[in-house]
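Participant: File run_36.txt below, compact mmCIF, C-alpha atoms:
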# COMPACT_ATOMS: atom_id res chain seq x y z
CA MET K 6 7.86 15.55 16.05
CA LYS K 7 4.85 14.96 13.86
CA ALA K 8 2.78 17.23 11.62
CA PHE K 9 -0.52 16.49 9.91
CA PHE K 10 -2.35 17.97 6.95
CA THR K 11 -5.87 19.24 6.65
CA GLY K 12 -7.32 20.98 3.63
CA HIS K 13 -10.35 21.86 1.62
CA ARG K 14 -11.58 19.31 -0.90
CA ASP K 15 -12.79 21.92 -3.36
CA ILE K 16 -9.64 23.88 -4.12
CA SER K 17 -9.94 24.94 -7.73
CA ASN K 18 -6.34 26.10 -8.09
CA LEU K 19 -4.75 23.09 -6.40
CA ASN K 20 -2.84 22.25 -9.56
CA ASN K 21 -1.52 25.80 -9.53
CA SER K 22 2.26 25.59 -9.23
CA ASN K 23 2.16 28.43 -6.67
CA VAL K 24 -0.03 26.40 -4.29
CA ILE K 25 2.24 23.37 -4.70
CA ALA K 26 5.30 25.56 -4.07
CA LEU K 27 3.66 26.94 -0.91
CA LEU K 28 2.88 23.42 0.30
CA ASN K 29 6.54 22.49 -0.23
CA GLN K 30 7.55 25.59 1.70
CA ALA K 31 5.16 24.70 4.55
CA ILE K 32 6.66 21.19 4.69
CA ASP K 33 10.15 22.71 4.84
CA MET K 34 9.03 25.00 7.67
CA ALA K 35 7.70 22.01 9.62
CA ILE K 36 10.92 20.06 9.05
CA ASN K 37 12.93 23.08 10.25
CA GLN K 38 10.87 22.99 13.46
CA GLY K 39 11.87 19.35 14.03
CA VAL K 40 9.12 17.41 12.25
CA ASP K 41 10.36 14.06 10.98
CA ARG K 42 7.05 12.38 10.10
CA PHE K 43 3.65 13.39 8.81
CA GLY K 44 0.04 12.23 9.08
CA ASN K 45 -2.40 12.58 6.20
CA GLY K 46 -6.15 11.89 6.14
CA MET K 47 -6.14 11.23 2.37
CA ALA K 48 -9.26 13.26 1.56
CA LEU K 49 -9.55 14.75 -1.91
CA GLY K 50 -8.01 18.17 -2.40
CA GLY K 51 -5.41 19.51 0.01
CA ASP K 52 -4.70 16.17 1.73
CA GLN K 53 -3.92 14.29 -1.44
CA ALA K 54 -1.91 17.17 -2.92
CA ALA K 55 0.26 17.15 0.21
CA ALA K 56 0.60 13.35 0.11
CA GLU K 57 1.81 13.51 -3.48
CA ILE K 58 4.50 15.99 -2.43
CA LEU K 59 5.53 13.77 0.50
CA ASN K 60 5.87 10.85 -1.92
CA GLN K 61 7.90 12.90 -4.39
CA ARG K 62 10.24 14.01 -1.63
CA GLY K 63 10.56 10.55 -0.07
CA LEU K 64 9.39 11.77 3.34
CA ILE K 65 7.95 9.53 6.05
CA TRP K 66 4.18 9.74 6.31
CA THR K 67 1.25 7.70 7.56
CA GLY K 68 -2.17 7.57 5.97
CA ILE K 69 -4.77 8.15 8.68
CA ILE K 70 -7.74 6.40 7.12
CA PRO K 71 -11.17 7.11 8.68
CA TYR K 72 -12.63 3.76 7.56
CA ALA K 73 -11.36 0.75 5.64
CA GLY K 74 -13.35 1.41 2.48
CA GLN K 75 -12.35 5.05 1.96
CA GLY K 76 -10.60 4.17 -1.30
CA ASN K 77 -13.89 2.86 -2.71
CA TYR K 78 -15.99 5.84 -1.64
CA ALA K 79 -19.09 5.82 -3.86
CA LYS K 80 -19.01 9.58 -4.52
CA TRP K 81 -15.49 9.39 -5.94
CA SER K 82 -14.97 8.84 -9.65
CA PRO K 83 -13.00 5.79 -10.84
CA GLU K 84 -10.09 8.15 -11.57
CA GLN K 85 -10.19 9.57 -8.03
CA ARG K 86 -10.21 6.06 -6.55
CA LEU K 87 -7.25 5.02 -8.70
CA LYS K 88 -5.34 8.16 -7.76
CA TYR K 89 -6.07 7.56 -4.05
CA ARG K 90 -4.67 4.03 -4.20
CA GLY K 91 -1.59 5.16 -6.10
CA ILE K 92 -0.82 7.92 -3.61
CA LEU K 93 -1.41 5.66 -0.60
CA LYS K 94 1.13 3.15 -1.92
CA GLY K 95 3.80 5.73 -1.10
CA ALA K 96 2.83 5.93 2.57
CA SER K 97 5.22 4.52 5.15
CA GLY K 98 2.22 3.13 7.02
CA LYS K 99 -1.55 3.22 7.41
CA ILE K 100 -3.76 3.58 10.45
CA ILE K 101 -7.37 2.56 9.76
CA LEU K 102 -9.63 3.97 12.46
CA SER K 103 -12.83 2.03 11.69
CA PRO K 104 -13.71 -1.05 9.64
CA GLU K 105 -16.80 0.67 8.23
CA TYR K 106 -18.09 4.12 7.35
CA TYR K 107 -20.34 5.82 9.92
CA ALA K 108 -21.62 9.36 10.33
CA GLY K 109 -18.86 11.33 12.02
CA CYS K 110 -15.94 9.08 11.06
CA MET K 111 -14.19 11.92 9.20
CA GLN K 112 -14.34 14.10 12.32
CA VAL K 113 -12.94 11.23 14.40
CA ARG K 114 -10.06 10.99 11.92
CA ASN K 115 -9.44 14.73 12.22
CA LYS K 116 -9.50 14.56 16.01
CA TYR K 117 -7.07 11.63 15.94
CA MET K 118 -4.62 13.60 13.80
CA VAL K 119 -4.84 16.65 16.09
CA GLN K 120 -4.30 14.51 19.20
CA HIS K 121 -1.26 12.74 17.72
CA SER K 122 0.55 15.72 16.19
CA ASP K 123 2.59 18.76 17.14
CA ILE K 124 1.97 20.89 14.05
CA CYS K 125 -1.02 21.36 11.74
CA ILE K 126 -0.36 22.22 8.09
CA ALA K 127 -3.65 23.58 6.76
CA VAL K 128 -4.55 24.31 3.14
CA TYR K 129 -7.18 26.69 4.41
CA ASP K 130 -8.76 29.83 2.98
CA GLY K 131 -10.24 31.08 6.25
CA ARG K 132 -13.87 30.02 5.78
CA LEU K 133 -15.68 29.45 9.06
CA THR K 134 -17.52 26.21 8.30
CA GLY K 135 -16.56 22.74 7.12
CA GLY K 136 -14.20 19.99 8.15
CA THR K 137 -11.01 21.96 7.58
CA ALA K 138 -12.27 24.91 9.64
CA GLY K 139 -13.28 22.55 12.46
CA THR K 140 -9.92 20.79 12.37
CA VAL K 141 -8.03 24.09 12.50
CA ARG K 142 -10.14 25.12 15.52
CA MET K 143 -9.34 21.80 17.23
CA ALA K 144 -5.64 22.35 16.55
CA ARG K 145 -5.83 25.86 18.02
CA ASP K 146 -7.71 24.57 21.08
CA ARG K 147 -4.96 22.00 21.61
CA ASN K 148 -2.28 24.71 21.24
CA LEU K 149 -0.67 23.25 18.15
CA SER K 150 1.42 25.40 15.85
CA ILE K 151 -0.48 25.96 12.60
CA ILE K 152 1.11 26.61 9.23
CA GLN K 153 -1.64 27.91 6.95
CA VAL K 154 -1.32 27.78 3.18
CA ASN K 155 -4.06 30.05 1.86
CA PRO K 156 -5.00 28.94 -1.67
CA LYS K 157 -6.89 32.19 -2.32
CA THR K 158 -4.23 34.71 -1.31
CA LEU K 159 -1.28 32.40 -2.09
CA LYS K 160 0.32 33.28 1.24
CA ILE K 161 1.63 31.31 4.20
CA SER K 162 0.77 32.31 7.76
CA ILE K 163 2.14 30.81 10.95
CA PHE K 164 0.11 30.71 14.15
CA GLU K 165 2.08 29.79 17.24
CA PRO K 166 0.29 28.48 20.33
CA SER K 167 -0.31 30.96 23.08
CA LYS K 168 1.91 30.53 26.08
CA GLN K 169 0.22 30.70 29.43
CA LEU K 170 2.32 32.18 32.19
CA SER K 171 1.69 31.55 35.84
CA LEU K 172 2.75 33.96 38.54
CA LEU K 173 4.08 32.55 41.75
Is it possible to give me this structure as structure tokens?
Facilitator:
Amino acid sequence: MKAFFTGHRDISNLNNSNVIALLNQAIDMAINQGVDRFGNGMALGGDQAAAEILNQRGLIWTGIIPYAGQGNYAKWSPEQRLKYRGILKGASGKIILSPEYYAGCMQVRNKYMVQHSDICIAVYDGRLTGGTAGTVRMARDRNLSIIQVNPKTLKISIFEPSKQLSLL
């Protein structure tokens, strides 16, 4: 089984040891459900925090890269670019979805991760807009299990897919 990560980029308390502990707990929960590999979109914030944990724990993960030049993204500082490259070196593999950036490539990456996973681990505070919110909605629509790490409340929630019963 495979799980993927999605998360807000602007998490102010991401270095908070409680958030990191919750991410570790979410990873353990996924492993206990049978997950043996992870996908990670390598965005700033929740994605990279999760990737660092995967590296520290020696777990198998693949970087799902929206476009080949993501590591040189102009809006990232030199420190952020260096950190990205260092984290990505720990990946077991990389899947690059496009040779170049284009409008919508991040959403394509998110859709790819949803379509190729069984569980979504979301560093998600419940806001209704943005890439993380959209990815969580896609995961729900596809009936994936969702393990939510809420960086505001410092709680974990689990959302299991609804089971549809048919009467004969």
Participant: Between K:Asp33, K:Asp52, K:Glu57, K:Asp41, single out the one closest to Tyr129 in chain K, counting all atoms listed in the file.
Facilitator: K:Asp52
Participant: Hey, which of K:Arg14, K:Leu49, K:Val113, K:Asn29 ends up closest to Gly76 in chain K? Count all atoms listed in the file.
Facilitator: K:Leu49
Participant: May I ask for the distance between CA of Ala56 in chain K and CA of Leu28 in chain K, given in Å to one decimal place?
Facilitator: 10.3 Å
Participant: Separation of CA of His13 in chain K and CA of Met34 in chain K, in Å?
Facilitator: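 Straight-line distance from CA of His13 in chain K to CA of Met34 in chain K works out to 20.5 Å.
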Participant: Skip Gln75 in chain K itself and residues of its chain fewer than 5 positions away, then list as number ranges by chain all residues within 9 Å of it, counting all atoms listed in the file.
Facilitator: K: 47-48, 70, 86, 105-106
Participant: Please produce a file of those selected residues containing C-alpha atoms, as a CSV table (one decimal), in the coordinates of the input.
Facilitator:
chain,number,residue,atom,x,y,z
K,47,MET,CA,-6.1,11.2,2.4
K,48,ALA,CA,-9.3,13.3,1.6
K,70,ILE,CA,-7.7,6.4,7.1
K,86,ARG,CA,-10.2,6.1,-6.6
K,105,GLU,CA,-16.8,0.7,8.2
K,106,TYR,CA,-18.1,4.1,7.4
Participant: Please, what distance in Å, to one decimal, runs between CA of Leu133 in chain K and CA of Asn155 in chain K?
Facilitator: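 Result for CA of Leu133 in chain K versus CA of Asn155 in chain K: 13.7 Å, one decimal.
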Participant: Which residue out of K:Arg62, K:Lys7, K:Arg142, K:Arg90 has the minimum interatomic distance to Ala35 in chain K when all atoms listed in the file are used?
Facilitator: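 Residue with the minimum atom-to-atom distance to Ala35 in chain K: K:Lys7.
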Participant: Tell me which residues come within 12 Å of (4.1, 17.1, -3.0), as a PyMOL selection string, counting only C-alpha atoms in the file's coordinates.
Facilitator: chain K and resi 10+19-20+22+24-33+51-64+66+92+95
Participant: Smallest atom-to-atom distance to Gly50 in chain K: which of K:Val119, K:Ile101, K:Leu159, K:Val128, using only C-alpha atoms?
Facilitator: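 With only C-alpha atoms as the atom set, the closest residue is K:Val128.
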Participant: Would you kindly return, as number ranges by chain, each protein, DNA or RNA residue with an atom no farther than 12 Å from any atom of Gly109 in chain K, considering all atoms listed in the file and excluding same-chain residues fewer than 6 positions away?
Facilitator: K: 71-72, 102-103, 115-116, 136
Participant: Using all atoms listed in the file, which of the listed residues (K:Ser82, K:Asn37, K:Thr137, K:Ser122) sits closest to Gln153 in chain K?
Facilitator: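 Once distances to Gln153 in chain K are computed over all atoms listed in the file, the minimum belongs to K:Thr137.
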Participant: Output range 135-157 of chain K as a compact mmCIF listing (two decimals), in the frame of the given file, making sure N, CA and C atoms are there.
Facilitator:
# COMPACT_ATOMS: atom_id res chain seq x y z
N GLY K 135 -17.13 23.88 7.83
CA GLY K 135 -16.56 22.74 7.12
C GLY K 135 -15.53 22.00 7.96
N GLY K 136 -15.12 20.86 7.43
CA GLY K 136 -14.20 19.99 8.15
C GLY K 136 -12.84 20.61 8.39
N THR K 137 -12.32 21.34 7.41
CA THR K 137 -11.01 21.96 7.58
C THR K 137 -11.07 23.04 8.66
N ALA K 138 -12.11 23.86 8.63
CA ALA K 138 -12.27 24.91 9.64
C ALA K 138 -12.37 24.29 11.03
N GLY K 139 -13.14 23.22 11.17
CA GLY K 139 -13.28 22.55 12.46
C GLY K 139 -11.97 21.95 12.94
N THR K 140 -11.20 21.40 12.01
CA THR K 140 -9.92 20.79 12.37
C THR K 140 -8.92 21.86 12.80
N VAL K 141 -8.91 22.99 12.11
CA VAL K 141 -8.03 24.09 12.50
C VAL K 141 -8.41 24.60 13.89
N ARG K 142 -9.70 24.70 14.17
CA ARG K 142 -10.14 25.12 15.52
C ARG K 142 -9.68 24.11 16.57
N MET K 143 -9.82 22.81 16.28
CA MET K 143 -9.34 21.80 17.23
C MET K 143 -7.85 21.94 17.48
N ALA K 144 -7.09 22.19 16.41
CA ALA K 144 -5.64 22.35 16.55
C ALA K 144 -5.31 23.57 17.40
N ARG K 145 -6.04 24.66 17.19
CA ARG K 145 -5.83 25.86 18.02
C ARG K 145 -6.16 25.57 19.48
N ASP K 146 -7.29 24.89 19.71
CA ASP K 146 -7.71 24.57 21.08
C ASP K 146 -6.69 23.69 21.79
N ARG K 147 -5.98 22.89 21.03
CA ARG K 147 -4.96 22.00 21.61
C ARG K 147 -3.58 22.66 21.64
N ASN K 148 -3.51 23.92 21.25
CA ASN K 148 -2.28 24.71 21.24
C ASN K 148 -1.21 24.16 20.31
N LEU K 149 -1.63 23.67 19.16
CA LEU K 149 -0.67 23.25 18.15
C LEU K 149 -0.22 24.46 17.33
N SER K 150 1.00 24.42 16.84
CA SER K 150 1.42 25.40 15.85
C SER K 150 0.66 25.10 14.56
N ILE K 151 0.27 26.14 13.85
CA ILE K 151 -0.48 25.96 12.60
C ILE K 151 0.25 26.71 11.49
N ILE K 152 0.55 25.99 10.43
CA ILE K 152 1.11 26.61 9.23
C ILE K 152 -0.01 26.60 8.20
N GLN K 153 -0.51 27.79 7.87
CA GLN K 153 -1.64 27.91 6.95
C GLN K 153 -1.16 28.28 5.56
N VAL K 154 -1.52 27.46 4.59
CA VAL K 154 -1.32 27.78 3.18
C VAL K 154 -2.68 28.24 2.67
N ASN K 155 -2.78 29.52 2.33
CA ASN K 155 -4.06 30.05 1.86
C ASN K 155 -4.10 29.97 0.34
N PRO K 156 -4.96 29.11 -0.21
CA PRO K 156 -5.00 28.94 -1.67
C PRO K 156 -5.63 30.11 -2.41
N LYS K 157 -6.30 31.00 -1.68
CA LYS K 157 -6.89 32.19 -2.32
C LYS K 157 -5.87 33.32 -2.43
